[in-house]
>>> print(open('model_28.tsv').read())   # TSV, C-alpha atoms
chain	number	residue	atom	x	y	z
A	1	MET	CA	160.39	47.39	136.46
A	2	GLU	CA	156.83	46.56	135.39
A	3	LYS	CA	154.37	49.45	135.64
A	4	ILE	CA	151.16	48.97	137.64
A	5	ALA	CA	147.89	50.42	136.37
A	6	ILE	CA	144.37	50.60	137.78
A	7	VAL	CA	141.60	50.96	135.20
A	8	THR	CA	138.13	51.59	136.62
A	9	GLY	CA	135.05	50.42	134.77
A	10	ALA	CA	137.24	48.03	132.79
A	11	SER	CA	134.83	45.18	132.09
A	12	GLN	CA	133.31	46.61	128.91
A	13	GLY	CA	133.33	49.44	126.38
A	14	ILE	CA	136.19	51.92	126.37
A	15	GLY	CA	137.56	50.70	129.70
A	16	ARG	CA	137.84	47.14	128.45
A	17	ASP	CA	139.91	48.16	125.44
A	18	ILE	CA	142.11	50.41	127.58
A	19	ALA	CA	142.80	47.49	129.94
A	20	LYS	CA	143.61	45.14	127.04
A	21	HIS	CA	145.80	47.69	125.29
A	22	LEU	CA	147.86	48.47	128.38
A	23	ALA	CA	148.20	44.81	129.33
A	24	ARG	CA	149.46	43.97	125.85
A	25	HIS	CA	152.12	46.65	126.27
A	26	ARG	CA	153.69	45.01	129.31
A	27	ILE	CA	151.81	46.96	131.95
A	28	LYS	CA	150.29	45.06	134.87
A	29	VAL	CA	146.61	45.94	134.83
A	30	ILE	CA	144.17	45.81	137.71
A	31	ALA	CA	140.82	45.82	135.91
A	32	ASN	CA	138.07	47.12	138.14
A	33	TYR	CA	134.42	46.22	137.69
A	34	ASN	CA	131.26	46.57	139.76
A	35	LYS	CA	128.26	44.70	138.35
A	36	SER	CA	129.66	43.15	135.15
A	37	GLU	CA	131.39	40.12	136.65
A	38	ARG	CA	130.81	37.91	133.61
A	39	GLU	CA	132.36	40.46	131.26
A	40	ALA	CA	135.30	40.96	133.64
A	41	ASN	CA	136.00	37.22	133.72
A	42	GLU	CA	135.76	37.09	129.92
A	43	LEU	CA	138.36	39.87	129.75
A	44	LYS	CA	140.67	37.91	132.06
A	45	LYS	CA	140.26	34.70	130.01
A	46	GLU	CA	140.82	36.54	126.72
A	47	LEU	CA	144.14	37.91	127.92
A	48	GLU	CA	145.16	34.61	129.51
A	49	ARG	CA	144.84	33.00	126.08
A	50	GLU	CA	147.59	35.44	125.05
A	51	ASN	CA	149.65	34.48	128.13
A	52	ILE	CA	148.89	37.84	129.74
A	53	GLN	CA	147.82	37.98	133.37
A	54	VAL	CA	145.41	40.67	134.53
A	55	ASP	CA	143.82	41.12	137.94
A	56	ILE	CA	140.06	41.71	138.06
A	57	VAL	CA	138.78	43.38	141.22
A	58	LYS	CA	135.18	44.14	142.13
A	59	ALA	CA	134.63	47.57	143.68
A	60	ASP	CA	131.90	50.20	143.55
A	61	VAL	CA	134.06	53.25	142.89
A	62	SER	CA	131.22	55.59	143.80
A	63	LYS	CA	131.91	54.58	147.42
A	64	ARG	CA	135.01	55.57	149.39
A	65	GLU	CA	135.12	52.32	151.37
A	66	ASP	CA	135.31	50.23	148.19
A	67	ILE	CA	137.92	52.55	146.71
A	68	LYS	CA	140.12	52.19	149.78
A	69	LYS	CA	139.89	48.40	149.57
A	70	LEU	CA	140.77	48.45	145.86
A	71	VAL	CA	143.82	50.66	146.37
A	72	GLN	CA	144.95	48.69	149.41
A	73	TYR	CA	144.72	45.45	147.44
A	74	VAL	CA	147.03	46.88	144.78
A	75	ILE	CA	149.52	48.32	147.26
A	76	GLU	CA	149.71	45.12	149.31
A	77	LYS	CA	150.24	42.97	146.21
A	78	TYR	CA	152.38	45.24	144.01
A	79	LYS	CA	153.76	47.87	146.44
A	80	LYS	CA	153.07	50.78	144.07
A	81	ILE	CA	150.66	52.39	141.61
A	82	ASP	CA	152.08	54.05	138.50
A	83	ILE	CA	148.96	54.70	136.42
A	84	LEU	CA	145.33	55.45	137.23
A	85	VAL	CA	142.68	55.53	134.51
A	86	ASN	CA	139.40	56.94	135.81
A	87	ASN	CA	137.01	55.47	133.27
A	88	ALA	CA	133.95	54.32	135.26
A	89	GLY	CA	130.85	56.14	134.10
A	90	ILE	CA	127.10	55.99	133.57
A	91	SER	CA	124.54	58.22	131.86
A	92	GLU	CA	120.92	59.22	132.33
A	93	TYR	CA	119.06	60.10	129.12
A	94	LYS	CA	116.04	62.15	130.12
A	95	LEU	CA	114.65	65.67	130.28
A	96	PHE	CA	116.37	67.89	132.84
A	97	THR	CA	113.00	68.62	134.48
A	98	ASP	CA	112.53	64.88	135.05
A	99	GLU	CA	115.89	64.38	136.76
A	100	THR	CA	115.73	63.50	140.46
A	101	ASP	CA	118.08	63.84	143.39
A	102	ASP	CA	118.68	60.10	143.13
A	103	ASP	CA	119.70	60.55	139.47
A	104	TRP	CA	122.08	63.33	140.50
A	105	ASN	CA	123.68	61.24	143.21
A	106	LYS	CA	124.03	58.18	140.98
A	107	VAL	CA	125.56	59.98	137.98
A	108	ILE	CA	127.75	62.46	139.86
A	109	ASN	CA	129.04	59.87	142.32
A	110	THR	CA	129.82	57.28	139.66
A	111	ASN	CA	131.36	59.65	137.13
A	112	LEU	CA	132.90	62.53	139.07
A	113	TYR	CA	133.19	61.53	142.72
A	114	SER	CA	134.89	58.29	141.70
A	115	ALA	CA	137.61	60.21	139.83
A	116	PHE	CA	138.03	62.58	142.80
A	117	ALA	CA	138.20	59.83	145.43
A	118	MET	CA	140.28	57.37	143.38
A	119	SER	CA	142.82	60.10	142.67
A	120	GLN	CA	142.87	61.17	146.30
A	121	GLU	CA	143.61	57.62	147.47
A	122	VAL	CA	146.25	56.91	144.81
A	123	ILE	CA	148.18	60.19	144.75
A	124	PRO	CA	150.04	59.73	148.07
A	125	TYR	CA	151.72	56.60	146.66
A	126	MET	CA	152.67	58.48	143.49
A	127	ILE	CA	154.07	61.38	145.51
A	128	GLN	CA	156.26	58.95	147.47
A	129	LYS	CA	158.12	57.97	144.30
A	130	LYS	CA	157.79	61.37	142.56
A	131	ASP	CA	156.17	59.87	139.49
A	132	GLY	CA	152.70	59.02	138.24
A	133	CYS	CA	150.11	59.32	135.50
A	134	ILE	CA	146.39	59.94	135.96
A	135	ILE	CA	144.10	59.80	132.94
A	136	ASN	CA	140.44	60.78	133.21
A	137	ILE	CA	138.02	59.56	130.55
A	138	SER	CA	135.74	62.54	130.01
A	139	SER	CA	133.46	63.24	127.03
A	140	ILE	CA	132.75	65.73	124.28
A	141	TRP	CA	129.61	66.54	126.29
A	142	GLY	CA	131.79	67.81	129.12
A	143	ILE	CA	132.99	70.47	126.66
A	144	VAL	CA	129.90	71.41	124.65
A	145	GLY	CA	127.04	69.95	126.73
A	146	ALA	CA	124.31	67.59	125.54
A	147	SER	CA	120.55	67.99	125.49
A	148	MET	CA	118.84	65.22	127.50
A	149	GLU	CA	122.15	64.44	129.22
A	150	VAL	CA	122.58	67.40	131.54
A	151	LEU	CA	123.80	65.40	134.54
A	152	TYR	CA	126.26	63.46	132.42
A	153	SER	CA	127.52	66.73	130.90
A	154	ILE	CA	127.93	68.26	134.37
A	155	SER	CA	129.90	65.25	135.61
A	156	LYS	CA	132.26	65.30	132.64
A	157	ALA	CA	132.74	69.08	132.76
A	158	GLY	CA	133.64	68.65	136.43
A	159	MET	CA	136.14	65.96	135.50
A	160	ASN	CA	137.81	68.38	133.09
A	161	GLY	CA	138.04	71.00	135.84
A	162	LEU	CA	139.50	68.40	138.18
A	163	THR	CA	142.09	67.51	135.55
A	164	LYS	CA	143.32	71.07	135.03
A	165	ALA	CA	143.43	72.05	138.70
A	166	LEU	CA	145.01	68.82	139.89
A	167	ALA	CA	147.66	68.93	137.17
A	168	LYS	CA	148.80	72.30	138.52
A	169	GLU	CA	148.80	71.11	142.12
A	170	ILE	CA	150.73	67.86	141.75
A	171	GLY	CA	152.90	68.70	138.75
A	172	PRO	CA	155.84	69.54	141.07
A	173	SER	CA	155.71	65.89	142.21
A	174	ASN	CA	156.17	64.80	138.58
A	175	ILE	CA	152.60	63.47	138.37
A	176	ARG	CA	150.82	64.12	135.08
A	177	VAL	CA	147.03	64.50	134.91
A	178	ASN	CA	145.12	64.59	131.63
A	179	SER	CA	141.62	64.01	130.29
A	180	ILE	CA	140.53	62.31	127.10
A	181	ALA	CA	137.20	63.61	125.77
A	182	PRO	CA	135.80	61.07	123.28
A	183	GLY	CA	133.16	62.01	120.74
A	184	MET	CA	130.75	59.40	119.39
A	185	ILE	CA	132.33	55.99	120.01
A	186	GLU	CA	130.96	52.54	119.19
A	187	THR	CA	129.86	51.42	122.68
A	188	LYS	CA	126.69	50.12	124.33
A	189	ILE	CA	126.01	53.53	125.85
A	190	ASN	CA	125.16	54.78	122.36
A	191	ASN	CA	122.83	51.90	121.45
A	192	ARG	CA	119.85	54.17	122.13
A	193	PHE	CA	120.56	55.98	118.87
A	194	SER	CA	118.81	54.66	115.77
A	195	LYS	CA	120.70	53.86	112.56
A	196	GLU	CA	119.23	57.05	111.11
A	197	ASP	CA	120.54	59.06	114.06
A	198	ILE	CA	124.02	57.57	113.64
A	199	GLU	CA	124.05	58.35	109.92
A	200	GLN	CA	123.07	61.96	110.66
A	201	ILE	CA	125.86	62.25	113.21
A	202	LYS	CA	128.35	60.84	110.71
A	203	GLU	CA	127.39	63.60	108.29
A	204	ASP	CA	128.36	66.17	110.93
A	205	ILE	CA	131.76	64.57	111.60
A	206	PRO	CA	134.54	65.71	109.23
A	207	LEU	CA	136.08	62.21	109.17
A	208	GLU	CA	132.59	60.84	108.38
A	209	ARG	CA	132.76	57.90	110.76
A	210	ILE	CA	132.11	56.89	114.35
A	211	GLY	CA	135.13	56.33	116.56
A	212	LYS	CA	136.20	53.00	118.01
A	213	THR	CA	137.24	52.11	121.53
A	214	GLU	CA	140.72	51.37	120.20
A	215	ASP	CA	141.10	55.04	119.28
A	216	ILE	CA	140.79	55.98	122.95
A	217	ALA	CA	143.03	53.13	124.12
A	218	ARG	CA	145.83	54.25	121.82
A	219	CYS	CA	145.67	57.76	123.26
A	220	VAL	CA	145.87	56.35	126.77
A	221	GLU	CA	149.00	54.44	125.78
A	222	TRP	CA	150.56	57.62	124.42
A	223	LEU	CA	149.75	59.60	127.58
A	224	VAL	CA	151.32	56.86	129.69
A	225	GLU	CA	154.53	57.00	127.67
A	226	ASP	CA	154.69	60.79	127.23
A	227	ARG	CA	156.57	62.70	129.93
A	228	TYR	CA	155.69	66.34	129.26
A	229	THR	CA	151.92	66.54	128.71
A	230	THR	CA	149.73	67.51	131.65
A	231	GLY	CA	146.55	69.43	132.38
A	232	GLN	CA	145.19	68.80	128.88
A	233	ILE	CA	141.71	67.87	127.65
A	234	ILE	CA	142.40	65.80	124.53
A	235	SER	CA	139.43	65.62	122.18
A	236	ILE	CA	139.15	62.48	120.09
A	237	ASN	CA	136.04	63.02	118.02
A	238	GLY	CA	136.90	62.90	114.32
A	239	GLY	CA	136.64	66.68	114.15
A	240	TRP	CA	133.04	66.74	115.42
A	241	ASN	CA	134.02	69.58	117.74
A	242	ILE	CA	136.97	71.73	116.70
A	243	VAL	CA	137.91	74.68	118.90
>>> encode(input="model_28.tsv", output="structure tokens")
Amino acid sequence: MEKIAIVTGASQGIGRDIAKHLARHRIKVIANYNKSEREANELKKELERENIQVDIVKADVSKREDIKKLVQYVIEKYKKIDILVNNAGISEYKLFTDETDDDWNKVINTNLYSAFAMSQEVIPYMIQKKDGCIINISSIWGIVGASMEVLYSISKAGMNGLTKALAKEIGPSNIRVNSIAPGMIETKINNRFSKEDIEQIKEDIPLERIGKTEDIARCVEWLVEDRYTTGQIISINGGWNIV
């Protein structure tokens, strides 16, 4: 039977490649987006040219009401949810002393609350069938922290804590929960770095190159297929951070 996957923040960047990769491996993908409608429609058309159907669904996953509607749409149409990829995320690049309560609410709600609430809404359906896979897209900054990105680092560190604790709680229901912590990946979120900055970063990476979104998508595919990995924070960073 075809597996059903929700991928949040799927219209661009890492989420887009995760959605494409899963869809090309015979998984029915519900690609969530919020503001990037044009990019979401482009994703749908790209896959349709390969005779692959993907659902695109608008929802602000920082809000419980939108999350409930997204999950209900999937359940009503497909009767189950096998895979959840919590990928939606934003960043604020500024001094900690300049951060505001509004910044806190925006970053924490989009990055961390969305993973909490999406998981909470999806898990009951996974428990019913005693099977499921939740994958949280974290960051290297959730492990080591990043100057000028304190709120982002907090949100991703929280996601890692959520992953470990939840894996212990719902493991007896045969539901696996893991995080992927990318290092520097070629996405729009890193466009603020100059070419000189990127070259300096490359020098600090043992593999001497920046990662690609496909590197993360392939790990997601593996975690979907694997049956005995849970509670893990998987670092994909070219050796930039080795612990």
>>> closest_residue(input="model_28.tsv", among="A:Pro124, A:Phe116, A:Ile27, A:Lys68", to="Val54 (chain A)", atoms="all atoms listed in the file")
A:Ile27
>>> closest_residue(input="model_28.tsv", among="A:Gly238, A:Gly231, A:Gly9, A:Gly183", to="Ala115 (chain A)", atoms="all atoms listed in the file")
A:Gly9
>>> closest_residue(input="model_28.tsv", among="A:Asn191, A:Ile180, A:Phe96, A:Asp60", to="Trp222 (chain A)", atoms="all atoms listed in the file")
A:Ile180
>>> atom_distance(input="model_28.tsv", atom1="CA of Thr229 (chain A)", atom2="CA of Leu207 (chain A)")
25.5 Å
>>> atom_distance(input="model_28.tsv", atom1="CA of Asn41 (chain A)", atom2="CA of Ile134 (chain A)")
25.1 Å
>>> residues_around(input="model_28.tsv", residues="Val29 (chain A)", least_positions_apart="2", cutoff="12 Å", atoms="only C-alpha atoms", output="CSV table (one decimal) with C-alpha atoms, in the coordinates of the input")
chain,number,residue,atom,x,y,z
A,2,GLU,CA,156.8,46.6,135.4
A,3,LYS,CA,154.4,49.4,135.6
A,4,ILE,CA,151.2,49.0,137.6
A,5,ALA,CA,147.9,50.4,136.4
A,6,ILE,CA,144.4,50.6,137.8
A,7,VAL,CA,141.6,51.0,135.2
A,8,THR,CA,138.1,51.6,136.6
A,10,ALA,CA,137.2,48.0,132.8
A,15,GLY,CA,137.6,50.7,129.7
A,16,ARG,CA,137.8,47.1,128.4
A,17,ASP,CA,139.9,48.2,125.4
A,18,ILE,CA,142.1,50.4,127.6
A,19,ALA,CA,142.8,47.5,129.9
A,20,LYS,CA,143.6,45.1,127.0
A,21,HIS,CA,145.8,47.7,125.3
A,22,LEU,CA,147.9,48.5,128.4
A,23,ALA,CA,148.2,44.8,129.3
A,24,ARG,CA,149.5,44.0,125.8
A,25,HIS,CA,152.1,46.6,126.3
A,26,ARG,CA,153.7,45.0,129.3
A,27,ILE,CA,151.8,47.0,132.0
A,31,ALA,CA,140.8,45.8,135.9
A,32,ASN,CA,138.1,47.1,138.1
A,43,LEU,CA,138.4,39.9,129.8
A,44,LYS,CA,140.7,37.9,132.1
A,47,LEU,CA,144.1,37.9,127.9
A,52,ILE,CA,148.9,37.8,129.7
A,53,GLN,CA,147.8,38.0,133.4
A,54,VAL,CA,145.4,40.7,134.5
A,55,ASP,CA,143.8,41.1,137.9
A,56,ILE,CA,140.1,41.7,138.1
A,57,VAL,CA,138.8,43.4,141.2
A,74,VAL,CA,147.0,46.9,144.8
A,78,TYR,CA,152.4,45.2,144.0
A,81,ILE,CA,150.7,52.4,141.6
A,82,ASP,CA,152.1,54.0,138.5
A,83,ILE,CA,149.0,54.7,136.4
A,84,LEU,CA,145.3,55.4,137.2
A,85,VAL,CA,142.7,55.5,134.5
>>> closest_residue(input="model_28.tsv", among="A:Glu37, A:Gly171, A:Tyr125, A:Gln120", to="Ile75 (chain A)", atoms="only C-alpha atoms")
A:Tyr125
>>> atom_distance(input="model_28.tsv", atom1="CA of Asp103 (chain A)", atom2="CA of Leu151 (chain A)")
8.0 Å
>>> closest_residue(input="model_28.tsv", among="A:Glu65, A:Glu76, A:Ile236, A:Gln12", to="Glu39 (chain A)", atoms="all atoms listed in the file")
A:Gln12
>>> residues_around(input="model_28.tsv", residues="Asn241 (chain A)", least_positions_apart="2", cutoff="9 Å", atoms="all atoms listed in the file", output="NGL selection string")
:A and (140 or 144 or 183 or 205 or 235 or 237-239 or 243)
>>> closest_residue(input="model_28.tsv", among="A:Gly211, A:Gly132, A:Pro182, A:Gly142", to="Ala167 (chain A)", atoms="only C-alpha atoms")
A:Gly132
>>> axis_aligned_box(input="model_28.tsv", around="region 45-52 of chain A", padding_each_side="3 Å", output="lines of an AutoDock Vina configuration file")
center_x = 145.0
center_y = 35.5
center_z = 127.5
size_x = 15.4
size_y = 10.9
size_z = 11.0
>>> residues_around(input="model_28.tsv", residues="Ser153 (chain A)", least_positions_apart="2", cutoff="9 Å", atoms="all atoms listed in the file", output="PyMOL selection string")
chain A and resi 139-147+149-151+155-158
>>> write_last_selection(input="model_28.tsv", atoms="C-alpha atoms", output="CSV table (one decimal), in the frame of the given file")
chain,number,residue,atom,x,y,z
A,139,SER,CA,133.5,63.2,127.0
A,140,ILE,CA,132.8,65.7,124.3
A,141,TRP,CA,129.6,66.5,126.3
A,142,GLY,CA,131.8,67.8,129.1
A,143,ILE,CA,133.0,70.5,126.7
A,144,VAL,CA,129.9,71.4,124.6
A,145,GLY,CA,127.0,70.0,126.7
A,146,ALA,CA,124.3,67.6,125.5
A,147,SER,CA,120.6,68.0,125.5
A,149,GLU,CA,122.2,64.4,129.2
A,150,VAL,CA,122.6,67.4,131.5
A,151,LEU,CA,123.8,65.4,134.5
A,155,SER,CA,129.9,65.2,135.6
A,156,LYS,CA,132.3,65.3,132.6
A,157,ALA,CA,132.7,69.1,132.8
A,158,GLY,CA,133.6,68.6,136.4
